[in-house]
Every structure is written in structure tokens, then in C-alpha cells.
file protein-v4.cif (mmCIF, C-alpha atoms and all ligand atoms)
data_query
#
loop_
_atom_site.label_atom_id
_atom_site.label_comp_id
_atom_site.auth_asym_id
_atom_site.auth_seq_id
_atom_site.Cartn_x
_atom_site.Cartn_y
_atom_site.Cartn_z
CA MET A 117 7.34 6.90 21.79
CA SER A 118 8.20 5.97 18.22
CA ILE A 119 11.79 5.98 17.03
CA CYS A 120 12.59 6.96 13.48
CA LYS A 121 14.54 4.06 12.02
CA VAL A 122 16.27 6.35 9.54
CA CYS A 123 17.84 8.95 11.84
CA GLY A 124 16.98 7.64 15.31
CA LYS A 125 14.88 10.63 16.34
CA GLU A 126 12.28 10.04 19.02
CA CYS A 127 8.81 11.08 17.92
CA GLN A 128 5.49 11.52 19.69
CA GLY A 129 3.83 8.24 18.83
CA LYS A 130 2.89 7.06 15.38
CA VAL A 131 1.34 10.39 14.42
CA GLY A 132 4.48 12.30 15.36
CA LEU A 133 6.59 9.81 13.48
CA GLY A 134 4.43 10.26 10.39
CA VAL A 135 4.87 14.03 10.56
CA HIS A 136 8.62 13.65 11.05
CA MET A 137 8.96 11.23 8.14
CA ARG A 138 7.09 13.53 5.77
CA LYS A 139 9.20 16.51 6.82
CA SER A 140 12.65 14.96 7.19
CA HIS A 141 12.61 11.93 4.90
CA PRO A 142 10.31 12.76 2.01
CA GLY A 143 11.46 9.75 -0.01
CA TYR A 144 9.90 7.36 2.49
CA GLU A 145 6.34 6.15 2.16
CA LYS A 146 4.16 4.49 4.74
CA CYS A 147 3.13 0.91 4.15
CA ARG A 148 -0.61 0.66 4.83
CA LEU A 149 -0.21 -3.02 5.74
CA CYS A 150 2.44 -2.97 8.44
CA GLY A 151 2.52 0.77 9.22
CA ASP A 152 6.26 1.02 8.70
CA PHE A 153 8.04 3.47 6.42
CA TYR A 154 10.04 2.38 3.40
CA MET A 155 12.15 4.08 0.80
CA ASN A 156 11.12 1.57 -1.82
CA LEU A 157 7.56 0.87 -0.78
CA ASP A 158 6.72 -0.82 -4.04
CA ARG A 159 9.38 -3.47 -3.62
CA HIS A 160 8.63 -3.88 0.08
CA GLN A 161 4.96 -4.60 -0.62
CA ILE A 162 5.82 -7.14 -3.29
CA GLU A 163 8.45 -8.92 -1.21
CA GLU A 164 6.90 -8.76 2.25
CA HIS A 165 3.19 -8.78 1.53
CA ASP A 166 2.93 -10.51 -1.86
CA MET A 167 1.15 -7.51 -3.32
CA THR A 168 1.86 -8.28 -6.93
CA GLU A 169 -1.02 -6.35 -8.48
CA LYS A 170 -0.94 -2.60 -8.82
CA CYS A 171 -3.77 -0.16 -9.39
CA PRO A 172 -2.85 1.66 -12.60
CA VAL A 173 -4.65 4.81 -11.43
CA CYS A 174 -3.30 5.49 -7.95
CA GLY A 175 -0.52 2.91 -7.66
CA MET A 176 -1.93 1.13 -4.61
CA ARG A 177 -0.93 -2.51 -4.42
CA PHE A 178 -3.09 -5.59 -4.03
CA GLU A 179 -2.58 -9.31 -3.57
CA SER A 180 -4.61 -10.19 -6.61
CA SER A 181 -6.61 -8.68 -9.43
CA TRP A 182 -9.67 -9.78 -7.43
CA GLY A 183 -8.83 -7.23 -4.74
CA LEU A 184 -8.63 -4.41 -7.23
CA ARG A 185 -12.31 -4.45 -8.16
CA PRO A 186 -13.80 -3.24 -4.83
CA HIS A 187 -11.02 -0.66 -4.71
CA TYR A 188 -12.18 0.74 -8.05
CA GLN A 189 -15.79 0.79 -6.95
CA GLN A 190 -14.95 2.82 -3.84
CA LYS A 191 -13.01 5.48 -5.66
CA ASN A 192 -14.71 8.17 -7.69
CA ASP A 193 -11.61 9.09 -9.62
CA HIS A 194 -11.13 5.54 -10.91
CA PRO A 195 -12.96 5.10 -14.22
CA ASN A 196 -15.03 1.92 -14.25
CA GLU A 197 -14.11 1.08 -17.81
CA SER A 198 -10.47 0.71 -16.86
CA ILE A 199 -11.02 -1.90 -14.14
CA PRO A 200 -8.32 -4.49 -14.73
CA GLU A 201 -9.57 -7.88 -15.75
CA ILE A 202 -9.87 -10.42 -12.97
CA ARG A 203 -7.74 -13.40 -13.75
CA GLU A 204 -9.24 -16.81 -13.19
CA LYS A 205 -6.57 -17.82 -10.67
CA ASP A 206 -7.40 -14.81 -8.47
CA VAL A 207 -11.09 -15.62 -8.02
CA PRO A 208 -11.58 -17.05 -4.52
CA GLN A 209 -12.67 -20.64 -4.56
CA MET A 210 -15.84 -21.46 -2.65
CA ASN A 211 -15.56 -25.06 -1.56
CA GLU A 212 -18.74 -25.42 0.42
ZN ZN B 301 14.20 10.54 10.97
ZN ZN B 302 4.58 -3.44 4.95
ZN ZN B 303 -6.37 2.95 -7.20
#
call {"tool": "encode", "arguments": {"input": "protein-v4.cif", "output": "C-alpha cells"}}
result
Amino acid sequence: MSICKVCGKECQGKVGLGVHMRKSHPGYEKCRLCGDFYMNLDRHQIEEHDMTEKCPVCGMRFESSWGLRPHYQQKNDHPNESIPEIREKDVPQMNE
């Protein structure tokens, strides 16, 4: 049983809660990182998950510009030429 934190309604598991949220609270979006619903998902992902980079095409958030590149390569509707530049500080350091 999943309880809607907005109105307190009991829903049939996470799937039922997702259906309820879409129907009753359309302003809320599901965070793909913690599975919770937020009215201001953008701010939540920045504050709680440090997702400071945003895909300019679909708006999905990432921790770094490094994480954006594979995202672009997976998506057909993301033009390769608009891949954001990877900043030096975002490149993982290999210390081996
Ligand atoms: Zn509700
Ligand atoms: Zn979250
Ligand atoms: Zn995207």
C-alpha cells in the first residue's frame, strides 16, 4: 500500500500511486532517482541529488556534463551536434 503524501489517499502500490498522482495531482512529477513525487522536481533534484546539469532537449537532470553524453547517445531525438561540452572538472579521474 502506498499513501499519497499530498492528499493521504491509499493507493495500490507504486503503480497505483503513479496513476493517482497523474490523475489527481498533475503538477507533480516523479523523481527517477528516489521514486517520490514532487511539485518542483527541478529544484528537488538539484537540492537532494546534486543534479546540476540539465539536458536542453528533454530537461532530464544529471550530476555532471559527463553524464549527459551517454544520455544523448541513447536517444534518437537528441541531435548529436548539440551535445553539451564536457567540462574538465566533470571528467572522472582514473587514479590507477
Ligand atoms: Zn493524492
Ligand atoms: Zn529524488
Ligand atoms: Zn535529454
call {"tool": "residues_around", "arguments": {"input": "protein-v4.cif", "residues": "Pro142 of chain A", "least_positions_apart": "3", "cutoff": "12 Å", "atoms": "only C-alpha atoms", "output": "CSV table (one decimal) with C-alpha atoms, in the coordinates of the input"}}
result
chain,number,residue,atom,x,y,z
A,122,VAL,CA,16.3,6.4,9.5
A,134,GLY,CA,4.4,10.3,10.4
A,135,VAL,CA,4.9,14.0,10.6
A,136,HIS,CA,8.6,13.6,11.0
A,137,MET,CA,9.0,11.2,8.1
A,138,ARG,CA,7.1,13.5,5.8
A,139,LYS,CA,9.2,16.5,6.8
A,145,GLU,CA,6.3,6.2,2.2
A,146,LYS,CA,4.2,4.5,4.7
A,153,PHE,CA,8.0,3.5,6.4
A,154,TYR,CA,10.0,2.4,3.4
A,155,MET,CA,12.2,4.1,0.8
A,156,ASN,CA,11.1,1.6,-1.8
call {"tool": "residues_around", "arguments": {"input": "protein-v4.cif", "residues": "Gly129 of chain A", "least_positions_apart": "6", "cutoff": "10 Å", "atoms": "all atoms listed in the file", "output": "ChimeraX atom specification"}}
result
/A:117-119
call {"tool": "closest_atom_pairs", "arguments": {"input": "protein-v4.cif", "of": "chain A", "to": "ligand ZN 303 (chain B)", "cutoff": "7 Å", "atoms": "only C-alpha atoms and all ligand atoms", "output": "tab-separated table"}}
result
residue	atom	partner	partner_atom	distance
A:Cys171	CA	B:ZN303	ZN	4.6
A:Pro172	CA	B:ZN303	ZN	6.6
A:Val173	CA	B:ZN303	ZN	4.9
A:Cys174	CA	B:ZN303	ZN	4.1
A:Gly175	CA	B:ZN303	ZN	5.9
A:Met176	CA	B:ZN303	ZN	5.5
A:His187	CA	B:ZN303	ZN	6.4
A:Tyr188	CA	B:ZN303	ZN	6.3
A:His194	CA	B:ZN303	ZN	6.6
call {"tool": "closest_atom_pairs", "arguments": {"input": "protein-v4.cif", "of": "chain A", "to": "ligand ZN 302 (chain B)", "cutoff": "7 Å", "atoms": "all atoms listed in the file", "output": "Markdown table"}}
result
| residue | atom | partner | partner_atom | distance |
| --- | --- | --- | --- | --- |
| A:Cys147 | CA | B:ZN302 | ZN | 4.7 |
| A:Arg148 | CA | B:ZN302 | ZN | 6.6 |
| A:Leu149 | CA | B:ZN302 | ZN | 4.9 |
| A:Cys150 | CA | B:ZN302 | ZN | 4.1 |
| A:Gly151 | CA | B:ZN302 | ZN | 6.3 |
| A:Asp152 | CA | B:ZN302 | ZN | 6.1 |
| A:His160 | CA | B:ZN302 | ZN | 6.3 |
| A:Gln161 | CA | B:ZN302 | ZN | 5.7 |
| A:Glu164 | CA | B:ZN302 | ZN | 6.4 |
| A:His165 | CA | B:ZN302 | ZN | 6.5 |
call {"tool": "residues_near_ligand", "arguments": {"input": "protein-v4.cif", "ligand": "ligand ZN 301 (chain B)", "cutoff": "7 Å", "atoms": "all atoms listed in the file", "output": "PyMOL selection string"}}
result
chain A and resi 120-125+136-137+140-141
call {"tool": "closest_residue", "arguments": {"input": "protein-v4.cif", "among": "A:Glu169, A:Tyr144, A:Pro195, A:Met210", "to": "Leu157 of chain A", "atoms": "only C-alpha atoms"}}
result
A:Tyr144
call {"tool": "atom_distance", "arguments": {"input": "protein-v4.cif", "atom1": "atom CA of Ser181 of chain A", "atom2": "atom CA of Asp166 of chain A"}}
result
12.3 Å
call {"tool": "atom_distance", "arguments": {"input": "protein-v4.cif", "atom1": "atom CA of Met167 of chain A", "atom2": "atom CA of Lys130 of chain A"}}
result
23.8 Å
call {"tool": "residues_around", "arguments": {"input": "protein-v4.cif", "residues": "Arg203 of chain A", "least_positions_apart": "5", "cutoff": "12 Å", "atoms": "all atoms listed in the file", "output": "ChimeraX atom specification"}}
result
/A:169,180-185,208
